[in-house]
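S.K.: Take this structure, written in structure tokens, and hold onto it; I'll ask about it next.
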Amino acid sequence: MIEVRGLKKNFKNFEALKGIDFIVAKGEVLGLLGENGAGKTTTLRILATMLKPDGGTVKLNGKNVLDSANEIRKEIGILFGGESGIYDRLTARENIVYYGELNDMTKDEIDDRIKHLVKVFNMEEYIDRRAGKFSKGMKQKVAIARSIVHNPSIMLFDEPTSGLDVGGARIIQQFIETCKAEGKTVIFSSHSMAEVEKLCDRVAVIHKGKIVESGYLKEIKEKYDKNMEDLFLELVGEGNEL
Ligand SMILES: Nc1ncnc2c1ncn2[C@@H]1O[C@H](COP(=O)(O)OP(=O)(O)OP(=O)(O)O)[C@@H](O)[C@H]1O
């Protein structure tokens, strides 16, 4: 469960978040939508305890980011888009072990979990090879496996499919569906309306640091009687001049 109420964040005197509210229940996927610079990454970084909020309340599984950051980190998995962040000089296994150790797992716990993840992601052939020569798709799988080595109940994705080809994006989308099926609480940001329509239960649209619409995708689509793309453009006030 994720609860965000009145969340504010300033960078010097620039108000990046001006009082954001949304909730995501266990087993639900929330799509965070917004144009470049709207505040999506800032919101996700606060949820991931990487940035401190300046106002409002942010709770993950009932724990406040301001006083329970260490506990929260054990309950969240983070997959941010762009470079996978996999260490080229380490093998796939070593990359995953390293994250397990960062999450205070014992060697036996890590070994058991890797056995499971290798099967789930078909990594048998390359789990003990150095990551330097891996394809983007292989690196993506290692990055996913690493993000869930500690079996978190909450997953945060920031534009996870940006820059990936169709196959790579499909791996991530299927992973998001698996997270939902396993009852995890999921938030992901995206610029792809097709992806949002496919994966989300709820959406929250951010515009210039404010939520301009949020709720269940189905209800919002009924309310506006529009496809996601037209609806999004109407909400963020773009395209009207065409
Ligand atoms: N560390 C920082 N210092 C100053 N300004 C920042 C900082 N981080 C973000 N901002 C500003 O805050 C605003 C929101 O940025 P944010 O990265 O959250 O947007 P976003 O919705 O994730 O955009 P994108 O889709 O381009 O990734 C932007 O105007 C950005 O320039």
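Letters A, B, ... mark the chains of the structure tokens in the order given; residue numbers begin at 1 per chain; ligand numbers begin at 1, in order shown.
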Excluding region 44-59 of chain A and its own-chain neighbours fewer than 2 positions away, which residues fall within 9 Å of it when counting only C-alpha atoms? Please give them as an MDAnalysis selection string.
M.R.: chainID A and resid 1:10 19:21 39:42 61:66 69:70 72:73 76:78 156:158 187:189
S.K.: Go ahead and write the residues just picked, N, CA and C atoms, as an mmCIF file, in the first residue's frame.
M.R.:
data_model
loop_
_atom_site.group_PDB
_atom_site.id
_atom_site.type_symbol
_atom_site.label_atom_id
_atom_site.label_comp_id
_atom_site.auth_asym_id
_atom_site.auth_seq_id
_atom_site.Cartn_x
_atom_site.Cartn_y
_atom_site.Cartn_z
ATOM 1 N N MET A 1 0.840 -1.200 0.000
ATOM 2 C CA MET A 1 0.000 0.000 0.000
ATOM 3 C C MET A 1 0.880 1.257 0.000
ATOM 4 N N ILE A 2 0.524 2.184 -0.873
ATOM 5 C CA ILE A 2 1.261 3.451 -0.922
ATOM 6 C C ILE A 2 0.263 4.595 -0.745
ATOM 7 N N GLU A 3 0.568 5.491 0.184
ATOM 8 C CA GLU A 3 -0.308 6.656 0.405
ATOM 9 C C GLU A 3 0.533 7.933 0.315
ATOM 10 N N VAL A 4 0.129 8.801 -0.577
ATOM 11 C CA VAL A 4 0.842 10.072 -0.758
ATOM 12 C C VAL A 4 -0.175 11.194 -0.558
ATOM 13 N N ARG A 5 0.085 12.063 0.432
ATOM 14 C CA ARG A 5 -0.861 13.160 0.728
ATOM 15 C C ARG A 5 -0.138 14.493 0.796
ATOM 16 N N GLY A 6 -0.566 15.413 -0.023
ATOM 17 C CA GLY A 6 -0.038 16.781 0.035
ATOM 18 C C GLY A 6 1.458 16.885 -0.162
ATOM 19 N N LEU A 7 2.028 15.983 -0.962
ATOM 20 C CA LEU A 7 3.487 15.934 -1.114
ATOM 21 C C LEU A 7 4.043 17.167 -1.829
ATOM 22 N N LYS A 8 5.030 17.778 -1.161
ATOM 23 C CA LYS A 8 5.676 18.969 -1.738
ATOM 24 C C LYS A 8 7.184 18.769 -1.814
ATOM 25 N N LYS A 9 7.777 19.294 -2.888
ATOM 26 C CA LYS A 9 9.234 19.282 -2.996
ATOM 27 C C LYS A 9 9.699 20.528 -3.723
ATOM 28 N N ASN A 10 10.635 21.212 -3.124
ATOM 29 C CA ASN A 10 11.223 22.401 -3.757
ATOM 30 C C ASN A 10 12.685 22.149 -4.075
ATOM 31 N N GLY A 19 2.006 19.661 -3.904
ATOM 32 C CA GLY A 19 0.911 19.073 -3.114
ATOM 33 C C GLY A 19 0.255 17.944 -3.904
ATOM 34 N N ILE A 20 0.959 16.806 -3.914
ATOM 35 C CA ILE A 20 0.527 15.649 -4.713
ATOM 36 C C ILE A 20 -0.218 14.660 -3.818
ATOM 37 N N ASP A 21 -1.351 14.138 -4.303
ATOM 38 C CA ASP A 21 -2.097 13.109 -3.564
ATOM 39 C C ASP A 21 -2.399 11.921 -4.472
ATOM 40 N N GLY A 39 7.279 16.129 -12.913
ATOM 41 C CA GLY A 39 7.517 15.788 -11.501
ATOM 42 C C GLY A 39 7.450 14.300 -11.202
ATOM 43 N N LYS A 40 7.429 13.457 -12.210
ATOM 44 C CA LYS A 40 7.284 12.005 -12.006
ATOM 45 C C LYS A 40 8.508 11.412 -11.293
ATOM 46 N N THR A 41 9.697 11.726 -11.842
ATOM 47 C CA THR A 41 10.906 11.150 -11.251
ATOM 48 C C THR A 41 11.103 11.659 -9.821
ATOM 49 N N THR A 42 10.811 12.932 -9.616
ATOM 50 C CA THR A 42 10.950 13.498 -8.267
ATOM 51 C C THR A 42 10.039 12.736 -7.295
ATOM 52 N N ASN A 61 3.493 0.881 2.920
ATOM 53 C CA ASN A 61 3.098 -0.161 3.865
ATOM 54 C C ASN A 61 2.956 0.416 5.277
ATOM 55 N N GLY A 62 2.398 1.608 5.359
ATOM 56 C CA GLY A 62 2.130 2.233 6.659
ATOM 57 C C GLY A 62 3.323 2.935 7.277
ATOM 58 N N LYS A 63 4.498 2.844 6.623
ATOM 59 C CA LYS A 63 5.708 3.448 7.208
ATOM 60 C C LYS A 63 6.023 4.765 6.506
ATOM 61 N N ASN A 64 6.353 5.766 7.310
ATOM 62 C CA ASN A 64 6.618 7.111 6.790
ATOM 63 C C ASN A 64 8.060 7.228 6.277
ATOM 64 N N VAL A 65 8.216 7.788 5.070
ATOM 65 C CA VAL A 65 9.575 7.900 4.501
ATOM 66 C C VAL A 65 10.503 8.751 5.361
ATOM 67 N N LEU A 66 9.925 9.636 6.163
ATOM 68 C CA LEU A 66 10.776 10.534 6.948
ATOM 69 C C LEU A 66 11.411 9.837 8.149
ATOM 70 N N ALA A 69 13.076 5.172 6.699
ATOM 71 C CA ALA A 69 13.683 4.950 5.382
ATOM 72 C C ALA A 69 14.368 3.581 5.281
ATOM 73 N N ASN A 70 15.091 3.186 6.330
ATOM 74 C CA ASN A 70 15.815 1.909 6.245
ATOM 75 C C ASN A 70 14.877 0.718 6.119
ATOM 76 N N ILE A 72 11.805 0.841 4.949
ATOM 77 C CA ILE A 72 11.117 0.943 3.654
ATOM 78 C C ILE A 72 11.987 0.386 2.537
ATOM 79 N N ARG A 73 13.286 0.683 2.585
ATOM 80 C CA ARG A 73 14.182 0.212 1.512
ATOM 81 C C ARG A 73 14.149 -1.299 1.366
ATOM 82 N N ILE A 76 11.006 -2.282 -0.816
ATOM 83 C CA ILE A 76 10.781 -1.790 -2.183
ATOM 84 C C ILE A 76 11.842 -2.295 -3.153
ATOM 85 N N GLY A 77 11.398 -2.504 -4.383
ATOM 86 C CA GLY A 77 12.314 -2.792 -5.482
ATOM 87 C C GLY A 77 12.252 -1.611 -6.424
ATOM 88 N N ILE A 78 13.407 -1.242 -6.990
ATOM 89 C CA ILE A 78 13.460 -0.049 -7.838
ATOM 90 C C ILE A 78 14.049 -0.418 -9.187
ATOM 91 N N LEU A 156 8.807 0.054 -7.755
ATOM 92 C CA LEU A 156 8.774 1.392 -8.341
ATOM 93 C C LEU A 156 9.559 1.377 -9.646
ATOM 94 N N PHE A 157 8.902 1.765 -10.726
ATOM 95 C CA PHE A 157 9.541 1.765 -12.041
ATOM 96 C C PHE A 157 9.495 3.187 -12.596
ATOM 97 N N ASP A 158 10.635 3.723 -12.998
ATOM 98 C CA ASP A 158 10.634 5.036 -13.638
ATOM 99 C C ASP A 158 10.964 4.862 -15.111
ATOM 100 N N ILE A 187 4.080 1.025 -8.933
ATOM 101 C CA ILE A 187 3.928 2.322 -9.603
ATOM 102 C C ILE A 187 4.915 2.364 -10.750
ATOM 103 N N PHE A 188 4.459 2.793 -11.898
ATOM 104 C CA PHE A 188 5.435 3.051 -12.950
ATOM 105 C C PHE A 188 5.089 4.314 -13.698
ATOM 106 N N SER A 189 6.132 5.029 -14.133
ATOM 107 C CA SER A 189 5.909 6.229 -14.931
ATOM 108 C C SER A 189 6.168 5.866 -16.380
#
S.K.: Pick out each residue of region 20-77 of chain A that DSSP on the backbone tags as strand (DSSP E); I need them as number ranges by chain.
M.R.: A: 20-24, 29-33, 55-60, 63-64, 76-77
S.K.: Counting only C-alpha atoms, what is within 7 Å of Glu213 (chain A), bar same-chain residues fewer than 2 positions away, as a list in words?
M.R.: Ala204, Val205 and Ile211 of chain A
S.K.: Write the residues of the selection above to a file with C-alpha atoms, as a PDB file, in the first residue's frame.
M.R.:
ATOM      1  CA  ALA A 204      -2.402   9.774 -11.853  1.00  0.00           C
ATOM      2  CA  VAL A 205      -1.638  12.581 -14.291  1.00  0.00           C
ATOM      3  CA  ILE A 211      -2.143  16.113 -10.004  1.00  0.00           C
TER       4      ILE A 211
END
S.K.: Please run DSSP on the backbone and report, as number ranges by chain, all residues within region 68-218 of chain A that come out as helix (DSSP H, G or I).
M.R.: A: 69-75, 92-102, 107-120, 131-133, 136-147, 166-181, 193-199, 217-218
S.K.: So the first atom is CA of Gly81 (chain A) and the second is CA of Glu159 (chain A); what is the distance between them in Å, to one decimal place?
M.R.: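 Computing the Euclidean distance for CA of Gly81 (chain A) and CA of Glu159 (chain A) yields 5.1 Å.
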S.K.: Write out as a list of chain:residue names each polymer residue whose atoms come within 9 Å of Ser190 (chain A), counting only C-alpha atoms; drop sequence neighbours fewer than 3 positions from it.
M.R.: A:Gly31, A:Leu32, A:Leu33, A:Gly34, A:Phe157, A:Asp158, A:Glu159, A:Pro160, A:Thr161, A:Ser162, A:Met193, A:Glu195, A:Val196
S.K.: In terms of the shortest atom-to-atom distance over only C-alpha atoms and all ligand atoms, which of A:Asn227, A:Ser153, A:Asn95, A:Ser192 is closest to ligand 1?
M.R.: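 Closest to ligand 1, using only C-alpha atoms and all ligand atoms: A:Ser192.
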S.K.: Might you pull out every residue within 12 Å of Thr178 (chain A), with only C-alpha atoms counted and same-chain residues fewer than 2 positions away left off, and present them as a list in words?
M.R.: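 Here the answer would be Gly27, Glu28, Val29, Val120, Phe121, Ile144, Ile148, Met155, Ile171, Ile172, Gln173, Gln174, Phe175, Ile176, Lys180, Ala181, Glu182, Gly183, Lys184, Thr185, Val186 and Leu199 of chain A.
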S.K.: I'd like the contact shell of region 130-142 of chain A - 6 Å cut-off, only C-alpha atoms, skipping same-chain residues fewer than 5 positions apart - returned as a VMD selection string.
M.R.: chain A and resid 88 to 92 168
S.K.: Include N, CA and C atoms and write out the residues we just selected as a PDB file, in the first residue's frame.
M.R.:
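Output below, filename selection-v2.pdb:
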ATOM      1  N   ASP A  88      29.652  -4.209 -15.519  1.00  0.00           N
ATOM      2  CA  ASP A  88      30.174  -5.027 -16.618  1.00  0.00           C
ATOM      3  C   ASP A  88      31.248  -6.013 -16.185  1.00  0.00           C
ATOM      4  N   ARG A  89      32.008  -5.642 -15.175  1.00  0.00           N
ATOM      5  CA  ARG A  89      33.139  -6.504 -14.805  1.00  0.00           C
ATOM      6  C   ARG A  89      32.725  -7.661 -13.903  1.00  0.00           C
ATOM      7  N   LEU A  90      31.466  -7.607 -13.443  1.00  0.00           N
ATOM      8  CA  LEU A  90      30.955  -8.704 -12.608  1.00  0.00           C
ATOM      9  C   LEU A  90      30.112  -9.642 -13.458  1.00  0.00           C
ATOM     10  N   THR A  91      29.974 -10.882 -12.996  1.00  0.00           N
ATOM     11  CA  THR A  91      29.055 -11.805 -13.675  1.00  0.00           C
ATOM     12  C   THR A  91      27.624 -11.419 -13.302  1.00  0.00           C
ATOM     13  N   ALA A  92      26.665 -12.010 -14.020  1.00  0.00           N
ATOM     14  CA  ALA A  92      25.260 -11.743 -13.700  1.00  0.00           C
ATOM     15  C   ALA A  92      24.999 -12.109 -12.241  1.00  0.00           C
ATOM     16  N   GLY A 168      12.542  -6.023 -25.595  1.00  0.00           N
ATOM     17  CA  GLY A 168      12.982  -5.593 -24.268  1.00  0.00           C
ATOM     18  C   GLY A 168      11.826  -4.996 -23.477  1.00  0.00           C
TER      19      GLY A 168
END
S.K.: When you count only C-alpha atoms and all ligand atoms, which of these residues is closest to ligand 1: A:His150, A:Lys12, A:Lys115, A:Lys107?
M.R.: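 Ranking A:His150, A:Lys12, A:Lys115, A:Lys107 by distance to ligand 1, first place goes to A:Lys12.
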